[in-house]
Every structure is written in structure tokens, then in C-alpha cells.
file start_13.txt (compact mmCIF, C-alpha atoms)
# COMPACT_ATOMS: atom_id res chain seq x y z
CA MET R 14 4.68 15.73 0.99
CA PRO R 15 8.12 14.15 1.11
CA ASP R 16 9.69 17.51 1.96
CA ALA R 17 7.90 17.46 5.31
CA ASP R 18 10.07 14.59 6.52
CA PRO R 19 13.19 16.28 7.86
CA ASP R 20 15.10 13.03 7.95
CA GLU R 21 14.06 11.94 4.50
CA PRO R 22 16.94 11.94 2.01
CA GLU R 23 16.55 13.40 -1.43
CA ASP R 24 15.90 10.64 -3.89
CA SER R 25 17.99 11.12 -6.98
CA LEU R 26 16.25 11.54 -10.26
CA PRO R 27 18.05 10.56 -13.43
CA GLY R 28 15.47 12.29 -15.60
CA ASP R 29 12.96 10.60 -17.85
CA ALA R 30 13.59 6.92 -18.01
CA PRO R 31 12.31 5.72 -21.34
CA SER R 32 11.54 2.17 -20.29
CA PRO R 33 9.42 1.81 -17.18
CA ASP R 34 9.33 -1.77 -16.04
CA PRO R 35 5.85 -3.19 -16.65
CA ASP R 36 6.69 -6.30 -14.61
CA ARG R 37 4.36 -6.53 -11.63
CA ARG R 38 7.14 -7.94 -9.47
CA GLY R 39 9.56 -5.09 -10.09
CA VAL R 40 8.61 -2.40 -7.57
CA HIS R 41 7.98 -4.65 -4.59
CA GLU R 42 11.23 -6.52 -5.14
CA THR R 43 12.94 -3.13 -5.07
CA TYR R 44 11.24 -2.30 -1.76
CA ASP R 45 12.31 -5.69 -0.39
CA ARG R 46 15.89 -4.66 -1.18
CA ILE R 47 15.70 -1.16 0.28
CA ALA R 48 13.24 -1.97 3.13
CA ASP R 49 15.47 -1.40 6.16
CA HIS R 50 16.98 1.84 4.92
CA PHE R 51 13.67 3.08 3.51
CA ALA R 52 11.85 2.42 6.79
CA ARG R 53 14.46 4.25 8.83
CA THR R 54 13.96 7.36 6.71
CA ARG R 55 10.17 7.24 6.88
CA ALA R 56 9.59 7.80 10.58
CA HIS R 57 7.04 10.60 10.46
CA PRO R 58 3.46 10.44 9.22
CA TRP R 59 2.42 13.15 6.78
CA PRO R 60 0.39 16.03 8.32
CA GLU R 61 -2.41 15.63 5.74
CA VAL R 62 -2.77 11.96 6.73
CA ARG R 63 -2.63 12.81 10.41
CA GLU R 64 -5.48 15.30 10.05
CA PHE R 65 -7.58 12.85 8.01
CA CYS R 66 -7.17 10.10 10.63
CA GLU R 67 -7.64 12.37 13.63
CA THR R 68 -10.95 13.68 12.31
CA ALA R 69 -12.29 10.24 11.33
CA ASP R 70 -15.28 8.65 13.08
CA ARG R 71 -14.75 5.57 15.19
CA CYS R 72 -15.01 2.43 13.08
CA GLY R 73 -14.43 -1.30 12.96
CA THR R 74 -11.89 -2.03 10.23
CA ALA R 75 -9.42 0.42 8.68
CA LEU R 76 -7.01 -0.29 5.81
CA ASP R 77 -3.50 1.09 5.32
CA LEU R 78 -3.09 0.21 1.66
CA ALA R 79 0.59 -0.09 0.73
CA CYS R 80 1.45 0.44 4.39
CA GLY R 81 5.25 0.32 4.12
CA ASN R 82 6.66 0.52 7.63
CA GLY R 83 3.18 1.22 9.02
CA ARG R 84 3.68 4.84 10.08
CA HIS R 85 0.10 5.65 9.02
CA ALA R 86 -1.37 2.42 10.39
CA GLU R 87 -0.48 3.79 13.81
CA LEU R 88 -2.75 6.82 13.18
CA LEU R 89 -5.59 4.60 11.92
CA ALA R 90 -5.37 2.50 15.09
CA ALA R 91 -6.82 5.41 17.10
CA PRO R 92 -10.29 5.52 15.48
CA ALA R 93 -10.39 1.87 14.32
CA GLU R 94 -10.73 -1.34 16.32
CA ARG R 95 -8.68 -3.20 13.75
CA VAL R 96 -6.19 -1.96 11.14
CA VAL R 97 -5.19 -4.08 8.16
CA GLY R 98 -1.76 -3.12 6.82
CA LEU R 99 -1.30 -4.42 3.28
CA ASP R 100 1.90 -4.18 1.28
CA ALA R 101 3.56 -6.09 -1.55
CA SER R 102 6.92 -6.12 0.25
CA ARG R 103 7.06 -8.83 2.89
CA LYS R 104 10.27 -7.37 4.22
CA LEU R 105 8.60 -4.01 4.86
CA LEU R 106 5.73 -5.87 6.57
CA ARG R 107 8.21 -7.39 9.01
CA VAL R 108 9.56 -3.90 9.71
CA ALA R 109 5.96 -2.70 10.21
CA HIS R 110 5.37 -5.49 12.72
CA GLU R 111 8.49 -4.63 14.71
CA ARG R 112 7.54 -0.95 14.72
CA ALA R 113 4.01 -1.76 15.97
CA VAL R 114 5.42 -3.89 18.80
CA GLU R 115 7.85 -1.12 19.82
CA ARG R 116 5.19 1.57 19.71
CA GLY R 117 2.39 -0.44 21.32
CA TYR R 118 -0.25 -0.89 18.60
CA ALA R 119 0.59 -4.43 17.49
CA ASP R 120 -2.61 -5.87 18.98
CA SER R 121 -4.81 -3.88 16.61
CA LEU R 122 -2.62 -4.29 13.49
CA SER R 123 -3.06 -7.21 11.08
CA LEU R 124 -0.46 -7.43 8.32
CA VAL R 125 -1.15 -8.96 4.92
CA ALA R 126 1.10 -9.35 1.87
CA GLY R 127 -0.90 -8.45 -1.22
CA ASP R 128 -1.19 -6.55 -4.49
CA ALA R 129 -2.86 -3.12 -4.38
CA ALA R 130 -4.49 -3.83 -7.74
CA ARG R 131 -5.90 -7.23 -6.70
CA LEU R 132 -6.95 -6.86 -3.08
CA PRO R 133 -7.47 -10.05 -1.04
CA LEU R 134 -10.27 -8.38 0.96
CA ALA R 135 -14.01 -9.04 0.91
CA ALA R 136 -16.51 -6.53 -0.49
CA ASP R 137 -17.74 -3.88 1.99
CA SER R 138 -15.14 -4.90 4.60
CA VAL R 139 -13.34 -1.58 5.12
CA GLU R 140 -14.74 1.59 6.72
CA LEU R 141 -11.71 3.87 6.71
CA GLY R 142 -8.45 3.89 4.80
CA VAL R 143 -5.34 5.61 3.53
CA TYR R 144 -3.56 4.85 0.24
CA VAL R 145 -0.53 7.10 0.47
CA ALA R 146 2.24 7.48 -2.10
CA ALA R 147 1.80 4.08 -3.73
CA LEU R 148 -0.74 4.21 -6.58
CA HIS R 149 1.98 5.99 -8.61
CA HIS R 150 4.13 2.83 -8.46
CA LEU R 151 1.64 0.78 -10.51
CA PRO R 152 3.14 0.59 -13.99
CA THR R 153 0.16 1.10 -16.29
CA ARG R 154 -2.96 3.27 -16.27
CA GLU R 155 -5.02 0.10 -16.61
CA THR R 156 -3.47 -1.31 -13.41
CA ARG R 157 -3.92 1.97 -11.54
CA ARG R 158 -7.60 2.11 -12.50
CA ALA R 159 -8.03 -1.55 -11.52
CA SER R 160 -6.58 -0.68 -8.11
CA LEU R 161 -9.05 2.19 -7.65
CA ASP R 162 -11.97 -0.03 -8.70
CA ASP R 163 -10.88 -2.76 -6.31
CA LEU R 164 -10.62 -0.19 -3.51
CA ALA R 165 -14.23 0.84 -4.25
CA ARG R 166 -15.30 -2.79 -4.00
CA VAL R 167 -13.84 -3.35 -0.51
CA LEU R 168 -15.20 -0.08 0.92
CA ALA R 169 -18.32 -0.39 3.08
CA PRO R 170 -21.16 2.10 2.53
CA GLY R 171 -20.09 5.41 4.08
CA GLY R 172 -16.44 4.34 4.09
CA ARG R 173 -13.80 6.96 3.24
CA VAL R 174 -10.20 6.75 2.01
CA LEU R 175 -7.47 9.37 1.58
CA VAL R 176 -5.47 8.71 -1.61
CA SER R 177 -2.23 10.51 -2.47
CA VAL R 178 0.25 10.43 -5.36
CA TRP R 179 3.29 12.48 -6.33
CA ALA R 180 2.41 15.52 -8.42
CA VAL R 181 4.24 17.01 -11.41
CA THR R 182 4.47 20.29 -9.46
CA HIS R 183 6.80 18.67 -6.89
CA SER R 184 10.08 20.61 -6.76
CA LYS R 185 11.83 17.45 -7.93
CA PHE R 186 9.97 17.57 -11.26
CA ASP R 187 8.42 21.01 -11.86
CA ARG R 188 6.48 19.84 -14.92
CA GLU R 189 2.96 20.44 -16.20
CA SER R 190 1.62 17.11 -17.37
CA GLY R 191 1.84 13.55 -16.08
CA PHE R 192 4.70 11.26 -17.12
CA ASP R 193 6.39 7.93 -16.37
CA THR R 194 9.84 7.92 -14.84
CA THR R 195 12.28 5.96 -12.73
CA VAL R 196 13.47 7.44 -9.43
CA ASP R 197 16.60 5.99 -7.90
CA TRP R 198 16.88 5.15 -4.21
CA THR R 199 20.45 5.49 -2.95
CA LEU R 200 21.43 2.91 -0.35
CA PRO R 201 23.91 3.86 2.43
CA GLY R 202 26.75 2.16 0.53
CA GLY R 203 26.06 4.31 -2.52
CA GLU R 204 24.31 1.64 -4.60
CA THR R 205 21.22 2.93 -6.36
CA VAL R 206 18.00 1.02 -6.94
CA GLY R 207 15.37 2.33 -9.37
CA ARG R 208 11.65 2.54 -8.70
CA PHE R 209 8.97 3.11 -11.34
CA TYR R 210 6.73 6.14 -10.89
CA HIS R 211 3.87 7.61 -12.82
CA VAL R 212 3.95 11.25 -11.72
CA TYR R 213 0.45 12.75 -11.95
CA ASP R 214 -0.89 16.12 -12.91
CA LEU R 215 -3.97 17.03 -10.91
CA ALA R 216 -6.43 16.92 -13.83
CA GLU R 217 -5.21 13.46 -14.81
CA PHE R 218 -5.46 12.22 -11.20
CA GLU R 219 -9.03 13.50 -11.01
CA ALA R 220 -9.86 11.90 -14.38
CA ASP R 221 -8.58 8.49 -13.21
CA LEU R 222 -10.61 8.77 -10.00
CA ARG R 223 -13.75 9.76 -11.90
CA ALA R 224 -13.25 6.90 -14.36
CA SER R 225 -13.19 4.46 -11.45
CA THR R 226 -16.18 3.21 -9.46
CA LEU R 227 -15.10 5.30 -6.45
CA THR R 228 -17.13 8.35 -5.51
CA LEU R 229 -15.00 11.49 -5.36
CA GLU R 230 -15.54 13.71 -2.32
CA THR R 231 -12.68 16.13 -2.82
CA VAL R 232 -9.43 16.40 -4.81
CA TYR R 233 -6.61 18.91 -4.25
CA GLU R 234 -2.91 19.51 -4.49
CA SER R 235 -0.60 20.24 -1.56
CA GLU R 236 3.19 20.50 -1.33
CA GLY R 237 3.92 18.48 -4.45
CA ASN R 238 1.32 15.79 -3.91
CA CYS R 239 -2.17 15.23 -5.30
CA TYR R 240 -4.71 14.18 -2.66
CA ALA R 241 -8.27 12.89 -2.88
CA VAL R 242 -10.86 11.78 -0.38
CA VAL R 243 -12.99 9.05 -1.92
CA GLY R 244 -15.89 6.81 -0.97
CA GLY R 245 -17.11 3.44 -2.17
CA ALA R 246 -19.16 2.64 -5.24
CA MET L 10 -2.28 -13.77 11.72
CA ASN L 11 -5.23 -13.46 14.03
CA GLU L 12 -7.88 -16.01 13.11
CA SER L 13 -10.56 -13.28 13.24
CA LEU L 14 -9.04 -11.85 10.05
CA MET L 15 -10.68 -14.73 8.16
CA ASP L 16 -13.96 -12.77 8.17
CA ILE L 17 -12.56 -10.27 5.63
CA LEU L 18 -9.86 -12.12 3.68
CA CYS L 19 -10.62 -13.51 0.25
CA CYS L 20 -8.80 -14.88 -2.79
CA PRO L 21 -7.16 -11.97 -4.67
CA LEU L 22 -7.92 -13.62 -8.01
CA ASP L 23 -11.62 -14.50 -7.87
CA LYS L 24 -12.57 -12.86 -4.52
CA GLN L 25 -14.04 -16.13 -3.22
CA ASP L 26 -13.79 -17.41 0.37
CA LEU L 27 -10.62 -18.97 1.70
CA GLU L 28 -10.25 -22.04 3.87
CA LEU L 29 -7.72 -21.88 6.71
CA GLU L 30 -5.34 -24.79 7.26
CA VAL L 31 -3.31 -24.34 10.42
CA VAL L 32 0.15 -25.88 10.78
CA ARG L 33 1.27 -24.01 13.92
CA ARG L 34 -0.64 -21.67 16.20
CA ASP L 35 -0.31 -19.73 19.44
CA ASP L 36 -3.82 -19.15 20.88
CA ASP L 37 -5.71 -17.12 18.22
CA GLU L 38 -2.53 -16.36 16.28
CA VAL L 39 -1.84 -18.58 13.28
CA LEU L 40 1.93 -18.68 12.86
CA ASP L 41 2.24 -21.12 9.99
CA GLY L 42 -0.32 -22.58 7.66
CA ARG L 43 -2.06 -21.85 4.42
CA LEU L 44 -5.16 -20.34 2.92
CA VAL L 45 -6.84 -22.24 0.11
CA CYS L 46 -9.42 -20.71 -2.23
CA THR L 47 -12.69 -22.64 -1.99
CA GLU L 48 -13.38 -21.88 -5.66
CA CYS L 49 -10.15 -21.92 -7.72
CA GLY L 50 -8.03 -23.96 -5.29
CA GLU L 51 -5.08 -21.52 -5.33
CA GLU L 52 -2.97 -21.88 -2.18
CA TYR L 53 -1.53 -18.96 -0.22
CA PRO L 54 1.05 -19.53 2.53
CA ILE L 55 0.97 -18.04 6.04
CA GLU L 56 4.60 -17.45 6.98
CA GLU L 57 5.82 -16.15 10.35
CA GLY L 58 2.27 -15.07 11.13
CA ILE L 59 1.78 -13.05 7.94
CA PRO L 60 -0.55 -14.35 5.21
CA ASN L 61 1.02 -14.01 1.75
CA LEU L 62 -1.93 -13.21 -0.50
CA LEU L 63 0.17 -11.91 -3.38
CA PRO L 64 -1.20 -13.33 -6.64
CA PRO L 65 0.96 -16.19 -7.98
CA ASP L 66 2.61 -13.98 -10.66
CA MET L 67 3.96 -11.63 -7.98
CA ARG L 68 5.39 -14.28 -5.70
CA GLU L 69 9.10 -14.92 -5.35
CA GLY L 70 10.25 -17.32 -8.01
CA ALA L 71 7.43 -16.44 -10.42
CA PRO L 72 8.63 -16.03 -14.01
CA ALA L 73 9.22 -12.34 -14.74

call {"tool": "encode", "arguments": {"input": "start_13.txt", "output": "C-alpha cells"}}
result
Amino acid sequence: MPDADPDEPEDSLPGDAPSPDPDRRGVHETYDRIADHFARTRAHPWPEVREFCETADRCGTALDLACGNGRHAELLAAPAERVVGLDASRKLLRVAHERAVERGYADSLSLVAGDAARLPLAADSVELGVYVAALHHLPTRETRRASLDDLARVLAPGGRVLVSVWAVTHSKFDRESGFDTTVDWTLPGGETVGRFYHVYDLAEFEADLRASTLTLETVYESEGNCYAVVGGA
Amino acid sequence: MNESLMDILCCPLDKQDLELEVVRRDDDEVLDGRLVCTECGEEYPIEEGIPNLLPPDMREGAPA
């Protein structure tokens, strides 16, 4: 729920962009460009993620998939011995490392540059995870489903992950069915940088989860985001 | 990159094991080196302690 971050600026929305960029390098190159500013405005973990992590059982390895500046990796470090923070933006990973050093959880955080749709992690290696506000950046349904299937592969038996995406009911959109768009990020100097989004409606989100090899524990909508708790294959 | 991470890392393309080649280390931390897939031979750099396991088509300099 982006609105829960008091210091988070409003992203500007130019409306429906007709030509989402299908290039797999596009979104992470954008995040490399906006990394410092983006990280400064993403200081607070989301309450839904906090609750999920705080009620999790102790475990060996947790995964913050598309970790950004690592604000949720910090929460995973409480129940988990080791947290893997994976992101496509190497610049954001460096910010995540600095943040972990400053806040004292660097020893349990391992950072890896990787693609959320082609995970460089072994089968059954992850017991707990969060995949927050990132699946919606993958440019095709095929890629998004591949990412969910690959997540199922790396989850150990009994492992659980909280997945979230932006919902069409978000005040920014106020629509009924899912659509592709480009949302601009405005840098401090006024320059804007576009990011691809597929904004989900809840039924579509549930359908994609059910079509994947994940097992679906629960799916719901809260404050303009769709959430699901999922398990492995 | 802590060397213990090798127990869960794999090649993003074929999910096979990786072999670690260390160039520079500080105790258990690998600062520079590379990871090579034991099956397909694809090489992934470790830069400033962070393994770059992005598939080749998502790396800097890859054709768009």
C-alpha cells in the first residue's frame, strides 16, 4: 500500500501507455537510474509485510525477491538465519547493502543480482519469502507466470511467500479490470523516467496464481494492492 | 558474497550447479571472482562482493 508511506511521493501517471516495453532490460535499467532517489523514499516496510514476517516461524533461508533497498529483508532477518535479497538492479543492491550495514543486519543478508523470472536459486532452498510490488513490472503474462512457477520451484516443502501487486482499485487508477501502463518516476530535478506496470484486478491475480505451480493459501485486496500467501508446488 | 551461499546458488538458465572461481577474498567473503555453470559453461561475475546472476540478455551491454 504505497499510500502508507508518508514520505513516498506520488508517482505521476500519464494514463494508458499504448506501448509497454517488452525488453527484459528496461525496468531494471530504469531502477538503476532512479535507485538513490527511489531508496530514499522507500524507508518504511508495509504493515502487511511486517505482520507476515513477525508471525513467521523461525527458519533457515528467507528470500526477499525484488528486494529494492532491502526494507523488507530487515524484517525477514528476524525469523531467518540467512536472508537472500535478490534484485535486477545492481545499484539498488548496493543501496541495500549500505542500509543493512547502517541498521545492523548485514551479517545475515546475502545480496544477489538476478531476474525474478529466472531465479538463480536451487530447488527447495527457500523456507520463507516476500515478493512485494515487483511481479507487476514483468512485461508479459507469460513472464509473470514463469516467475511464479520458478518461485514454486525454489520453495522448500512447507515454505510460504507473501506476494503483492498493485491493484486496479488503487486510487491512482480506480478501474475494474487489469491493464498495462507506464508510470513515470519524477527525479528531484524534474526529469521523469517511465516504468512498465501490469496493474491487476483481483480475479486476474488469483487466476495467474492458480495457473502456476504454487499452492494458494489465501488471496485478498487491501489499500489498493492485491496480496496472496502461497506455498510451493 | 559469503562462500556458504554456494549451497543454494545455481545457473539461472539451466538450474545446474555453479563452480566458484575466486580472484579476491576476505576470509569467507568473496569480493571478486566468477561463477561458472558446470553444465552450460555460462560465466557470471562476482563484483564488489555481489554475484551478478542476471541472465546474459539482461546484462549491461546486451543487445536490446

call {"tool": "axis_aligned_box", "arguments": {"input": "start_13.txt", "around": "region 18-36 of chain L", "padding_each_side": "3 Å", "output": "AutoDock Vina command-line options"}}
result
--center_x -6.4 --center_y -18.9 --center_z 6.4 --size_x 21.3 --size_y 19.9 --size_z 34.9

call {"tool": "residues_around", "arguments": {"input": "start_13.txt", "residues": "region 49-55 of chain L", "least_positions_apart": "6", "cutoff": "9 Å", "atoms": "all atoms listed in the file", "output": "list in words"}}
result
Met10, Cys20, Leu22, Asp23, Gln25, Leu27, Val31, Val39, Leu40, Asp41, Gly42, Arg43, Asn61, Leu62, Leu63, Pro64 and Pro65 of chain L

call {"tool": "interface_residues", "arguments": {"input": "start_13.txt", "of": "chain R", "to": "chain L", "cutoff": "12 Å", "atoms": "all atoms listed in the file", "output": "ChimeraX atom specification"}}
result
/R:34-42,45,73-76,95-107,109-110,119-139,160,163,166-169

call {"tool": "atom_distance", "arguments": {"input": "start_13.txt", "atom1": "CA of Ser184 (chain R)", "atom2": "CA of Gly237 (chain R)"}}
result
6.9 Å

call {"tool": "residues_around", "arguments": {"input": "start_13.txt", "residues": "Leu222 (chain R)", "least_positions_apart": "3", "cutoff": "10 Å", "atoms": "all atoms listed in the file", "output": "NGL selection string"}}
result
:R and (157-158 or 161-162 or 176 or 216-219 or 225-229 or 232 or 241 or 243)

call {"tool": "closest_residue", "arguments": {"input": "start_13.txt", "among": "R:Thr182, R:Ser177, R:Ser235, R:Thr153", "to": "His211 (chain R)", "atoms": "only C-alpha atoms"}}
result
R:Thr153

call {"tool": "atom_distance", "arguments": {"input": "start_13.txt", "atom1": "CA of Glu115 (chain R)", "atom2": "CA of Val62 (chain R)"}}
result
21.3 Å

call {"tool": "atom_distance", "arguments": {"input": "start_13.txt", "atom1": "CA of Arg63 (chain R)", "atom2": "CA of Ala180 (chain R)"}}
result
19.7 Å
